[in-house]
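Next up, entry_7.txt (compact mmCIF, N, CA and C atoms):
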```txt
# COMPACT_ATOMS: atom_id res chain seq x y z
N MET A 6 3.25 7.95 13.17
CA MET A 6 3.01 7.34 11.87
C MET A 6 2.56 5.90 12.07
N LYS A 7 1.55 5.55 11.30
CA LYS A 7 1.11 4.16 11.21
C LYS A 7 1.25 3.75 9.75
N ILE A 8 1.39 2.45 9.54
CA ILE A 8 1.43 1.92 8.19
C ILE A 8 0.19 1.06 7.99
N TYR A 9 -0.52 1.33 6.91
CA TYR A 9 -1.67 0.52 6.52
C TYR A 9 -1.31 -0.19 5.22
N VAL A 10 -1.61 -1.48 5.17
CA VAL A 10 -1.33 -2.26 3.97
C VAL A 10 -2.66 -2.70 3.36
N ASP A 11 -2.86 -2.35 2.09
CA ASP A 11 -4.00 -2.81 1.32
C ASP A 11 -3.67 -4.27 1.00
N ALA A 12 -4.07 -5.17 1.90
CA ALA A 12 -3.49 -6.51 1.95
C ALA A 12 -4.13 -7.55 1.04
N ASP A 13 -5.31 -7.31 0.50
CA ASP A 13 -5.96 -8.33 -0.33
C ASP A 13 -5.10 -8.74 -1.52
N ALA A 14 -4.47 -7.79 -2.17
CA ALA A 14 -3.69 -8.10 -3.37
C ALA A 14 -2.19 -7.87 -3.17
N CYS A 15 -1.78 -7.58 -1.96
CA CYS A 15 -0.37 -7.32 -1.69
C CYS A 15 0.43 -8.62 -1.76
N PRO A 16 1.50 -8.64 -2.56
CA PRO A 16 2.31 -9.86 -2.66
C PRO A 16 2.90 -10.28 -1.31
N VAL A 17 3.00 -11.56 -1.10
CA VAL A 17 3.53 -12.11 0.16
C VAL A 17 4.92 -11.58 0.44
N VAL A 18 5.76 -11.51 -0.57
CA VAL A 18 7.13 -11.05 -0.36
C VAL A 18 7.16 -9.60 0.15
N ILE A 19 6.21 -8.79 -0.29
CA ILE A 19 6.12 -7.40 0.18
C ILE A 19 5.63 -7.37 1.63
N LYS A 20 4.68 -8.24 1.95
CA LYS A 20 4.23 -8.33 3.34
C LYS A 20 5.39 -8.73 4.25
N ASP A 21 6.22 -9.67 3.80
CA ASP A 21 7.37 -10.09 4.60
C ASP A 21 8.33 -8.93 4.85
N ILE A 22 8.56 -8.12 3.83
CA ILE A 22 9.42 -6.93 4.00
C ILE A 22 8.78 -5.99 5.01
N MET A 23 7.46 -5.83 4.92
CA MET A 23 6.74 -4.96 5.86
C MET A 23 6.86 -5.47 7.29
N PHE A 24 6.71 -6.79 7.47
CA PHE A 24 6.78 -7.37 8.81
C PHE A 24 8.15 -7.09 9.44
N ARG A 25 9.20 -7.29 8.66
CA ARG A 25 10.56 -7.05 9.19
C ARG A 25 10.76 -5.57 9.54
N ALA A 26 10.25 -4.69 8.68
CA ALA A 26 10.39 -3.25 8.93
C ALA A 26 9.60 -2.82 10.16
N ALA A 27 8.40 -3.36 10.32
CA ALA A 27 7.57 -3.01 11.49
C ALA A 27 8.28 -3.37 12.78
N GLU A 28 8.88 -4.54 12.80
CA GLU A 28 9.61 -4.97 14.00
C GLU A 28 10.86 -4.13 14.22
N ARG A 29 11.62 -3.93 13.16
CA ARG A 29 12.88 -3.19 13.27
C ARG A 29 12.65 -1.76 13.72
N LYS A 30 11.63 -1.11 13.16
CA LYS A 30 11.36 0.29 13.48
C LYS A 30 10.33 0.46 14.58
N GLN A 31 9.75 -0.65 15.03
CA GLN A 31 8.72 -0.64 16.07
C GLN A 31 7.60 0.34 15.71
N ILE A 32 7.01 0.08 14.55
CA ILE A 32 5.97 0.95 14.02
C ILE A 32 4.69 0.15 13.78
N GLN A 33 3.57 0.71 14.21
CA GLN A 33 2.27 0.04 14.05
C GLN A 33 1.98 -0.19 12.58
N THR A 34 1.73 -1.43 12.22
CA THR A 34 1.45 -1.83 10.84
C THR A 34 0.17 -2.64 10.84
N ILE A 35 -0.82 -2.17 10.08
CA ILE A 35 -2.13 -2.81 10.05
C ILE A 35 -2.41 -3.28 8.63
N LEU A 36 -2.64 -4.57 8.48
CA LEU A 36 -3.01 -5.13 7.18
C LEU A 36 -4.52 -5.18 7.11
N VAL A 37 -5.09 -4.52 6.11
CA VAL A 37 -6.54 -4.42 5.98
C VAL A 37 -6.95 -5.23 4.75
N ALA A 38 -7.94 -6.13 4.95
CA ALA A 38 -8.35 -7.01 3.86
C ALA A 38 -9.78 -7.49 4.05
N ASN A 39 -10.37 -8.00 2.96
CA ASN A 39 -11.70 -8.59 3.00
C ASN A 39 -11.66 -10.02 3.53
N GLN A 40 -10.49 -10.59 3.57
CA GLN A 40 -10.33 -11.97 4.02
C GLN A 40 -9.40 -12.00 5.23
N LEU A 41 -9.36 -13.13 5.88
CA LEU A 41 -8.49 -13.30 7.03
C LEU A 41 -7.04 -13.33 6.55
N ILE A 42 -6.21 -12.49 7.12
CA ILE A 42 -4.79 -12.42 6.77
C ILE A 42 -3.99 -12.87 7.98
N LYS A 43 -3.09 -13.82 7.75
CA LYS A 43 -2.22 -14.27 8.84
C LYS A 43 -1.05 -13.31 8.98
N VAL A 44 -0.80 -12.94 10.22
CA VAL A 44 0.34 -12.07 10.52
C VAL A 44 1.15 -12.72 11.63
N PRO A 45 2.44 -12.43 11.67
CA PRO A 45 3.26 -13.01 12.74
C PRO A 45 2.88 -12.40 14.09
N PRO A 46 3.11 -13.15 15.16
CA PRO A 46 2.83 -12.58 16.48
C PRO A 46 3.75 -11.38 16.73
N SER A 47 3.16 -10.25 17.00
CA SER A 47 3.93 -9.03 17.20
C SER A 47 3.03 -7.99 17.83
N ARG A 48 3.60 -7.15 18.67
CA ARG A 48 2.81 -6.05 19.23
C ARG A 48 2.72 -4.89 18.24
N PHE A 49 3.46 -4.99 17.11
CA PHE A 49 3.46 -3.91 16.12
C PHE A 49 2.66 -4.24 14.86
N ILE A 50 2.29 -5.51 14.69
CA ILE A 50 1.63 -5.94 13.46
C ILE A 50 0.25 -6.51 13.79
N SER A 51 -0.75 -6.04 13.05
CA SER A 51 -2.10 -6.58 13.25
C SER A 51 -2.81 -6.67 11.91
N ALA A 52 -3.88 -7.44 11.90
CA ALA A 52 -4.70 -7.59 10.70
C ALA A 52 -6.11 -7.14 11.04
N LEU A 53 -6.73 -6.48 10.09
CA LEU A 53 -8.10 -6.03 10.24
C LEU A 53 -8.90 -6.57 9.07
N GLN A 54 -9.87 -7.43 9.38
CA GLN A 54 -10.73 -7.98 8.33
C GLN A 54 -11.98 -7.12 8.24
N VAL A 55 -12.27 -6.63 7.04
CA VAL A 55 -13.47 -5.83 6.81
C VAL A 55 -14.48 -6.69 6.07
N SER A 56 -15.72 -6.21 6.01
CA SER A 56 -16.75 -6.99 5.32
C SER A 56 -16.43 -7.08 3.83
N HIS A 57 -16.96 -8.14 3.22
CA HIS A 57 -16.78 -8.32 1.77
C HIS A 57 -17.57 -7.25 1.05
N GLY A 58 -17.04 -6.78 -0.01
CA GLY A 58 -17.71 -5.77 -0.81
C GLY A 58 -16.70 -4.91 -1.52
N PHE A 59 -17.14 -4.31 -2.60
CA PHE A 59 -16.28 -3.49 -3.42
C PHE A 59 -15.73 -2.32 -2.62
N ASP A 60 -14.43 -2.18 -2.57
CA ASP A 60 -13.70 -1.07 -1.94
C ASP A 60 -13.88 -0.97 -0.42
N GLU A 61 -14.37 -2.02 0.23
CA GLU A 61 -14.53 -1.97 1.70
C GLU A 61 -13.18 -1.75 2.39
N ALA A 62 -12.16 -2.49 1.97
CA ALA A 62 -10.84 -2.34 2.59
C ALA A 62 -10.28 -0.94 2.31
N ASP A 63 -10.42 -0.49 1.07
CA ASP A 63 -9.93 0.85 0.71
C ASP A 63 -10.62 1.92 1.54
N ASN A 64 -11.93 1.82 1.67
CA ASN A 64 -12.69 2.82 2.43
C ASN A 64 -12.26 2.83 3.90
N GLU A 65 -11.98 1.66 4.46
CA GLU A 65 -11.54 1.59 5.86
C GLU A 65 -10.17 2.22 6.03
N ILE A 66 -9.29 1.97 5.08
CA ILE A 66 -7.95 2.57 5.14
C ILE A 66 -8.06 4.09 5.08
N VAL A 67 -8.85 4.61 4.16
CA VAL A 67 -9.01 6.06 4.04
C VAL A 67 -9.62 6.63 5.32
N ARG A 68 -10.59 5.93 5.87
CA ARG A 68 -11.23 6.40 7.11
C ARG A 68 -10.22 6.52 8.25
N ARG A 69 -9.32 5.55 8.35
CA ARG A 69 -8.36 5.52 9.46
C ARG A 69 -7.10 6.36 9.22
N CYS A 70 -6.76 6.57 7.98
CA CYS A 70 -5.50 7.25 7.63
C CYS A 70 -5.49 8.68 8.15
N GLU A 71 -4.35 9.06 8.71
CA GLU A 71 -4.16 10.42 9.20
C GLU A 71 -2.94 11.03 8.52
N VAL A 72 -2.76 12.32 8.69
CA VAL A 72 -1.62 13.03 8.11
C VAL A 72 -0.33 12.32 8.53
N GLY A 73 0.52 12.04 7.55
CA GLY A 73 1.81 11.42 7.82
C GLY A 73 1.81 9.91 7.81
N ASP A 74 0.64 9.27 7.82
CA ASP A 74 0.58 7.81 7.77
C ASP A 74 1.03 7.33 6.39
N LEU A 75 1.44 6.09 6.33
CA LEU A 75 1.89 5.47 5.09
C LEU A 75 0.94 4.35 4.71
N VAL A 76 0.55 4.32 3.44
CA VAL A 76 -0.32 3.25 2.93
C VAL A 76 0.43 2.54 1.81
N ILE A 77 0.48 1.21 1.90
CA ILE A 77 1.09 0.38 0.87
C ILE A 77 -0.05 -0.12 -0.01
N THR A 78 -0.04 0.30 -1.28
CA THR A 78 -1.12 -0.08 -2.19
C THR A 78 -0.71 0.08 -3.65
N ALA A 79 -1.28 -0.75 -4.49
CA ALA A 79 -1.15 -0.59 -5.94
C ALA A 79 -2.41 0.05 -6.50
N ASP A 80 -3.38 0.32 -5.65
CA ASP A 80 -4.67 0.88 -6.05
C ASP A 80 -4.53 2.40 -6.19
N ILE A 81 -4.60 2.88 -7.40
CA ILE A 81 -4.36 4.30 -7.67
C ILE A 81 -5.43 5.21 -7.05
N PRO A 82 -6.73 4.88 -7.16
CA PRO A 82 -7.71 5.74 -6.48
C PRO A 82 -7.51 5.79 -4.96
N LEU A 83 -7.13 4.66 -4.36
CA LEU A 83 -6.84 4.66 -2.92
C LEU A 83 -5.64 5.56 -2.64
N ALA A 84 -4.61 5.45 -3.44
CA ALA A 84 -3.43 6.30 -3.26
C ALA A 84 -3.81 7.78 -3.35
N ALA A 85 -4.67 8.13 -4.30
CA ALA A 85 -5.11 9.52 -4.45
C ALA A 85 -5.84 10.00 -3.20
N ASP A 86 -6.71 9.16 -2.64
CA ASP A 86 -7.44 9.52 -1.42
C ASP A 86 -6.49 9.70 -0.24
N VAL A 87 -5.49 8.84 -0.15
CA VAL A 87 -4.51 8.93 0.94
C VAL A 87 -3.70 10.23 0.82
N LEU A 88 -3.26 10.54 -0.39
CA LEU A 88 -2.51 11.78 -0.60
C LEU A 88 -3.36 13.00 -0.25
N ALA A 89 -4.65 12.96 -0.60
CA ALA A 89 -5.56 14.07 -0.30
C ALA A 89 -5.70 14.29 1.20
N LYS A 90 -5.52 13.22 1.99
CA LYS A 90 -5.62 13.33 3.45
C LYS A 90 -4.28 13.68 4.10
N GLY A 91 -3.23 13.85 3.28
CA GLY A 91 -1.92 14.20 3.83
C GLY A 91 -1.07 13.01 4.19
N GLY A 92 -1.46 11.83 3.71
CA GLY A 92 -0.66 10.64 3.95
C GLY A 92 0.32 10.38 2.81
N HIS A 93 1.07 9.31 2.95
CA HIS A 93 2.00 8.87 1.92
C HIS A 93 1.46 7.56 1.36
N ALA A 94 1.69 7.33 0.07
CA ALA A 94 1.25 6.09 -0.56
C ALA A 94 2.42 5.51 -1.35
N LEU A 95 2.70 4.23 -1.09
CA LEU A 95 3.83 3.54 -1.72
C LEU A 95 3.33 2.30 -2.43
N ASN A 96 3.70 2.16 -3.69
CA ASN A 96 3.35 1.00 -4.50
C ASN A 96 4.25 -0.17 -4.14
N PRO A 97 3.74 -1.41 -4.18
CA PRO A 97 4.58 -2.57 -3.87
C PRO A 97 5.80 -2.73 -4.79
N ARG A 98 5.84 -1.99 -5.88
CA ARG A 98 7.01 -2.02 -6.77
C ARG A 98 8.02 -0.93 -6.42
N GLY A 99 7.74 -0.18 -5.34
CA GLY A 99 8.68 0.81 -4.86
C GLY A 99 8.43 2.22 -5.35
N GLU A 100 7.35 2.45 -6.06
CA GLU A 100 7.03 3.79 -6.54
C GLU A 100 6.26 4.55 -5.47
N LEU A 101 6.81 5.68 -5.08
CA LEU A 101 6.12 6.56 -4.13
C LEU A 101 5.20 7.47 -4.93
N TYR A 102 3.90 7.37 -4.68
CA TYR A 102 2.94 8.22 -5.36
C TYR A 102 3.12 9.66 -4.84
N SER A 103 2.83 10.63 -5.69
CA SER A 103 2.94 12.02 -5.27
C SER A 103 1.75 12.82 -5.81
N THR A 104 1.52 13.96 -5.21
CA THR A 104 0.44 14.82 -5.67
C THR A 104 0.71 15.31 -7.09
N GLU A 105 1.99 15.36 -7.49
CA GLU A 105 2.35 15.81 -8.83
C GLU A 105 2.02 14.76 -9.90
N THR A 106 2.04 13.49 -9.55
CA THR A 106 1.87 12.43 -10.56
C THR A 106 0.54 11.68 -10.47
N ILE A 107 -0.19 11.84 -9.39
CA ILE A 107 -1.35 10.99 -9.17
C ILE A 107 -2.47 11.26 -10.19
N LYS A 108 -2.65 12.49 -10.62
CA LYS A 108 -3.71 12.79 -11.60
C LYS A 108 -3.43 12.08 -12.93
N GLN A 109 -2.18 12.09 -13.36
CA GLN A 109 -1.80 11.41 -14.59
C GLN A 109 -2.05 9.90 -14.45
N LYS A 110 -1.71 9.34 -13.30
CA LYS A 110 -1.91 7.91 -13.08
C LYS A 110 -3.40 7.56 -13.06
N LEU A 111 -4.22 8.42 -12.47
CA LEU A 111 -5.67 8.19 -12.48
C LEU A 111 -6.22 8.25 -13.90
N THR A 112 -5.75 9.19 -14.68
CA THR A 112 -6.19 9.31 -16.07
C THR A 112 -5.83 8.06 -16.86
N MET A 113 -4.60 7.58 -16.70
CA MET A 113 -4.15 6.38 -17.42
C MET A 113 -4.95 5.17 -16.96
N ARG A 114 -5.21 5.06 -15.67
CA ARG A 114 -6.00 3.94 -15.14
C ARG A 114 -7.40 3.95 -15.76
N ASP A 115 -8.03 5.12 -15.79
CA ASP A 115 -9.37 5.23 -16.37
C ASP A 115 -9.36 4.89 -17.86
N PHE A 116 -8.32 5.31 -18.57
CA PHE A 116 -8.19 5.00 -19.99
C PHE A 116 -8.09 3.49 -20.19
N MET A 117 -7.26 2.83 -19.39
CA MET A 117 -7.09 1.37 -19.51
C MET A 117 -8.40 0.65 -19.16
N ASP A 118 -9.13 1.16 -18.16
CA ASP A 118 -10.44 0.59 -17.82
C ASP A 118 -11.40 0.70 -19.00
N THR A 119 -11.36 1.83 -19.68
CA THR A 119 -12.22 2.03 -20.86
C THR A 119 -11.86 1.03 -21.95
N LEU A 120 -10.57 0.84 -22.19
CA LEU A 120 -10.14 -0.14 -23.19
C LEU A 120 -10.63 -1.54 -22.84
N ARG A 121 -10.44 -1.93 -21.58
CA ARG A 121 -10.88 -3.26 -21.14
C ARG A 121 -12.39 -3.39 -21.28
N GLY A 122 -13.12 -2.32 -20.96
CA GLY A 122 -14.56 -2.33 -21.08
C GLY A 122 -15.03 -2.45 -22.53
N SER A 123 -14.15 -2.07 -23.45
CA SER A 123 -14.46 -2.18 -24.88
C SER A 123 -14.08 -3.54 -25.44
N GLY A 124 -13.57 -4.41 -24.58
CA GLY A 124 -13.20 -5.75 -25.02
C GLY A 124 -11.76 -5.89 -25.47
N ILE A 125 -10.97 -4.85 -25.31
CA ILE A 125 -9.56 -4.91 -25.69
C ILE A 125 -8.77 -5.50 -24.52
N HIS A 126 -8.01 -6.54 -24.80
CA HIS A 126 -7.19 -7.19 -23.77
C HIS A 126 -5.93 -6.36 -23.58
N THR A 127 -5.78 -5.79 -22.38
CA THR A 127 -4.63 -4.91 -22.11
C THR A 127 -3.54 -5.60 -21.31
N GLY A 128 -3.80 -6.83 -20.85
CA GLY A 128 -2.81 -7.52 -20.03
C GLY A 128 -2.74 -6.89 -18.65
N GLY A 129 -1.95 -7.46 -17.83
CA GLY A 129 -1.78 -6.92 -16.49
C GLY A 129 -0.34 -6.51 -16.28
N PRO A 130 -0.02 -6.13 -15.08
CA PRO A 130 1.37 -5.76 -14.82
C PRO A 130 2.27 -7.00 -14.86
N PRO A 131 3.53 -6.80 -15.15
CA PRO A 131 4.44 -7.95 -15.15
C PRO A 131 4.59 -8.48 -13.72
N PRO A 132 5.03 -9.74 -13.57
CA PRO A 132 5.24 -10.28 -12.24
C PRO A 132 6.27 -9.45 -11.46
N LEU A 133 6.08 -9.41 -10.16
CA LEU A 133 7.02 -8.72 -9.29
C LEU A 133 8.37 -9.42 -9.39
N ASN A 134 9.44 -8.66 -9.60
CA ASN A 134 10.76 -9.27 -9.71
C ASN A 134 11.68 -8.77 -8.60
N GLN A 135 12.90 -9.26 -8.59
CA GLN A 135 13.85 -8.90 -7.53
C GLN A 135 14.12 -7.40 -7.51
N SER A 136 14.19 -6.80 -8.67
CA SER A 136 14.42 -5.36 -8.76
C SER A 136 13.27 -4.59 -8.12
N ASP A 137 12.03 -5.04 -8.35
CA ASP A 137 10.86 -4.41 -7.73
C ASP A 137 10.93 -4.53 -6.21
N ARG A 138 11.25 -5.72 -5.73
CA ARG A 138 11.34 -5.94 -4.28
C ARG A 138 12.39 -5.03 -3.66
N GLN A 139 13.53 -4.91 -4.33
CA GLN A 139 14.61 -4.07 -3.82
C GLN A 139 14.20 -2.60 -3.82
N ALA A 140 13.53 -2.18 -4.89
CA ALA A 140 13.06 -0.78 -4.97
C ALA A 140 12.06 -0.49 -3.85
N PHE A 141 11.17 -1.45 -3.58
CA PHE A 141 10.19 -1.27 -2.50
C PHE A 141 10.91 -1.15 -1.16
N ALA A 142 11.82 -2.09 -0.89
CA ALA A 142 12.54 -2.08 0.39
C ALA A 142 13.33 -0.79 0.58
N ASN A 143 13.97 -0.32 -0.48
CA ASN A 143 14.76 0.91 -0.40
C ASN A 143 13.87 2.12 -0.13
N GLN A 144 12.75 2.22 -0.86
CA GLN A 144 11.85 3.36 -0.68
C GLN A 144 11.21 3.33 0.71
N LEU A 145 10.83 2.15 1.16
CA LEU A 145 10.25 2.00 2.51
C LEU A 145 11.27 2.43 3.56
N ASP A 146 12.49 1.97 3.42
CA ASP A 146 13.54 2.32 4.37
C ASP A 146 13.77 3.83 4.40
N LYS A 147 13.76 4.44 3.23
CA LYS A 147 13.96 5.89 3.13
C LYS A 147 12.83 6.62 3.87
N LEU A 148 11.59 6.19 3.66
CA LEU A 148 10.44 6.81 4.33
C LEU A 148 10.51 6.63 5.84
N LEU A 149 10.88 5.44 6.26
CA LEU A 149 10.94 5.17 7.70
C LEU A 149 12.10 5.89 8.38
N GLN A 150 13.17 6.14 7.64
CA GLN A 150 14.29 6.92 8.18
C GLN A 150 13.86 8.35 8.47
N GLN A 151 12.95 8.88 7.63
CA GLN A 151 12.46 10.25 7.80
C GLN A 151 11.49 10.36 8.97
N HIS A 152 10.89 9.23 9.35
CA HIS A 152 9.90 9.21 10.42
C HIS A 152 10.58 9.33 11.77
N LYS A 153 10.13 10.26 12.54
CA LYS A 153 10.64 10.45 13.91
C LYS A 153 9.57 9.96 14.85
N PRO A 154 9.85 8.90 15.63
CA PRO A 154 8.84 8.39 16.56
C PRO A 154 8.33 9.49 17.47
N GLY A 155 6.99 9.45 17.68
CA GLY A 155 6.29 10.48 18.41
C GLY A 155 6.50 10.50 19.85
```
Can you give me the file's structure in the form of structure tokens?
Amino acid sequence: MKIYVDADACPVVIKDIMFRAAERKQIQTILVANQLIKVPPSRFISALQVSHGFDEADNEIVRRCEVGDLVITADIPLAADVLAKGGHALNPRGELYSTETIKQKLTMRDFMDTLRGSGIHTGGPPPLNQSDRQAFANQLDKLLQQHKPG
């Protein structure tokens, strides 16, 4: 198992949780972004900068993702692509995406995009709070406990 982080919009506090987990579990963790991302010195943590452009980071993650890999992302289309490849996708708020719920989430995302395109202000998600951070850490820990090193 490898962990890929959709790092352009990933909150710093979530990256910090990821860094600690990568070291503790000794699991390869790759942060993929359009910009340079600083990562702590570690043989388990690396950053991959992709070219600027719409969905470049997402496309690289999907290209590299294999069955059983974990992707940290709030991007619903990326999560859908990861699930289709047999990977796992975890939202920074601790929600584990599933094949049972991803279609509904894609539909809602498209609906909200349509509203925004019509000029309706829909707002964004609320700020990440302590409960979200705890939910993420718990779900990540649960997933990593299930992982058996190869």
(Q) as a PyMOL selection string, please: every residue in chain A that a backbone DSSP assignment puts in helix (DSSP H, G or I). (A) chain A and resi 17-30+61-69+81-89+107-122+135-151
Q: Find the residue from A:Lys20, A:Cys15, A:Lys90, A:Tyr102 that sits nearest to A:Val72; use only N, CA and C atoms when measuring.
A: A:Lys90
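The shortest atom-to-atom distance to A:Gln33, with only C-alpha atoms taken into account, belongs to A:Asp74 out of A:Asp74, A:Asn134, A:Gln54, A:Asp63.
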Q: Could you check how far atom CA of A:Pro131 sits from atom CA of A:Gly92, in Å to one decimal?
A: 27.1 Å
Q | Counting only C-alpha atoms, the residue of A:Ile32, A:Val87, A:Met6, A:Ile81 that sits nearest A:Ser51 | A | A:Ile32
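Atom CA of A:Val67 is positioned 19.6 Å from atom CA of A:Leu41.
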Q. If you run DSSP on the backbone, which residues of stretch 14-51 of chain A are strand (DSSP E or B), as number ranges by chain?
A. A: 34-38, 50-51
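The neighbours of A:Ile50 here are the residues that come within 6.5 Å of it, using only N, CA and C atoms and leaving out any residue fewer than 5 positions away in the same chain; they are Ile32, Gln33, Thr34, Ile35, Leu36, Val44 and Pro45 of chain A.
Nearest to A:Leu133 of all the residues A:Gly73, A:Ser56, A:Arg98, A:Ala27 is A:Arg98, based on all atoms listed in the file.
Across the structure, atom CA of A:Arg48 and atom CA of A:Lys7 are spaced 13.1 Å apart.
Residue neighbourhood of A:Asn39, excluding near-sequence residues (fewer than 2 positions): A:Asp13, A:Val37, A:Leu41, A:Leu53, A:Gln54, A:Val55, A:Ser56, A:His57, A:Gly58, A:Ala62, at 6.5 Å, using only N, CA and C atoms.
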Can I get the selection written as a CSV table (one decimal), in the frame of the given file, with N, CA and C atoms?
```csv
chain,number,residue,atom,x,y,z
A,13,ASP,N,-5.3,-7.3,0.5
A,13,ASP,CA,-6.0,-8.3,-0.3
A,13,ASP,C,-5.1,-8.7,-1.5
A,37,VAL,N,-5.1,-4.5,6.1
A,37,VAL,CA,-6.5,-4.4,6.0
A,37,VAL,C,-7.0,-5.2,4.8
A,41,LEU,N,-9.4,-13.1,5.9
A,41,LEU,CA,-8.5,-13.3,7.0
A,41,LEU,C,-7.0,-13.3,6.6
A,53,LEU,N,-6.7,-6.5,10.1
A,53,LEU,CA,-8.1,-6.0,10.2
A,53,LEU,C,-8.9,-6.6,9.1
A,54,GLN,N,-9.9,-7.4,9.4
A,54,GLN,CA,-10.7,-8.0,8.3
A,54,GLN,C,-12.0,-7.1,8.2
A,55,VAL,N,-12.3,-6.6,7.0
A,55,VAL,CA,-13.5,-5.8,6.8
A,55,VAL,C,-14.5,-6.7,6.1
A,56,SER,N,-15.7,-6.2,6.0
A,56,SER,CA,-16.8,-7.0,5.3
A,56,SER,C,-16.4,-7.1,3.8
A,57,HIS,N,-17.0,-8.1,3.2
A,57,HIS,CA,-16.8,-8.3,1.8
A,57,HIS,C,-17.6,-7.2,1.0
A,58,GLY,N,-17.0,-6.8,0.0
A,58,GLY,CA,-17.7,-5.8,-0.8
A,58,GLY,C,-16.7,-4.9,-1.5
A,62,ALA,N,-12.2,-2.5,2.0
A,62,ALA,CA,-10.8,-2.3,2.6
A,62,ALA,C,-10.3,-0.9,2.3
```
Provide an axis-aligned box for all listed atoms of stretch 15-20 of chain A, padding each side by 8 Å; report its centre and its edge lengths in Å to one decimal, as lines of an AutoDock Vina configuration file.
```
center_x = 2.7
center_y = -9.7
center_z = 0.8
size_x = 24.9
size_y = 20.8
size_z = 22.9
```
Q) Neighbours of A:Leu145 within 8 Å (all atoms listed in the file; same-chain residues fewer than 4 positions away dropped), as a VMD selection string? A) chain A and resid 26 95 99 139 to 141 149 to 151
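Ranking A:Ile8, A:Ala142, A:Val18, A:Leu148 by their shortest atom-to-atom distance to A:Arg69, with only C-alpha atoms included, puts A:Ile8 first.
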Q) For A:Phe49, which residue among A:Pro132, A:Glu100, A:Phe24, A:Arg68 is the nearest when counting only N, CA and C atoms? A) A:Phe24
Contact residues around A:Asp80 with only C-alpha atoms at 9 Å, ignoring same-chain residues under 5 positions, as a PDB file with N, CA and C atoms, keeping the file's coordinate frame:
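Listing of part-v1.pdb after writing:
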```pdb
ATOM      1  N   ASP A  11      -2.860  -2.350   2.090  1.00  0.00           N
ATOM      2  CA  ASP A  11      -4.000  -2.810   1.320  1.00  0.00           C
ATOM      3  C   ASP A  11      -3.670  -4.270   1.000  1.00  0.00           C
ATOM      4  N   ASP A  63     -10.420  -0.490   1.070  1.00  0.00           N
ATOM      5  CA  ASP A  63      -9.930   0.850   0.710  1.00  0.00           C
ATOM      6  C   ASP A  63     -10.620   1.920   1.540  1.00  0.00           C
ATOM      7  N   ALA A  85      -4.670   8.130  -4.300  1.00  0.00           N
ATOM      8  CA  ALA A  85      -5.110   9.520  -4.450  1.00  0.00           C
ATOM      9  C   ALA A  85      -5.840  10.000  -3.200  1.00  0.00           C
ATOM     10  N   ASN A  96       3.700   2.160  -3.690  1.00  0.00           N
ATOM     11  CA  ASN A  96       3.350   1.000  -4.500  1.00  0.00           C
ATOM     12  C   ASN A  96       4.250  -0.170  -4.140  1.00  0.00           C
TER      13      ASN A  96
END
```
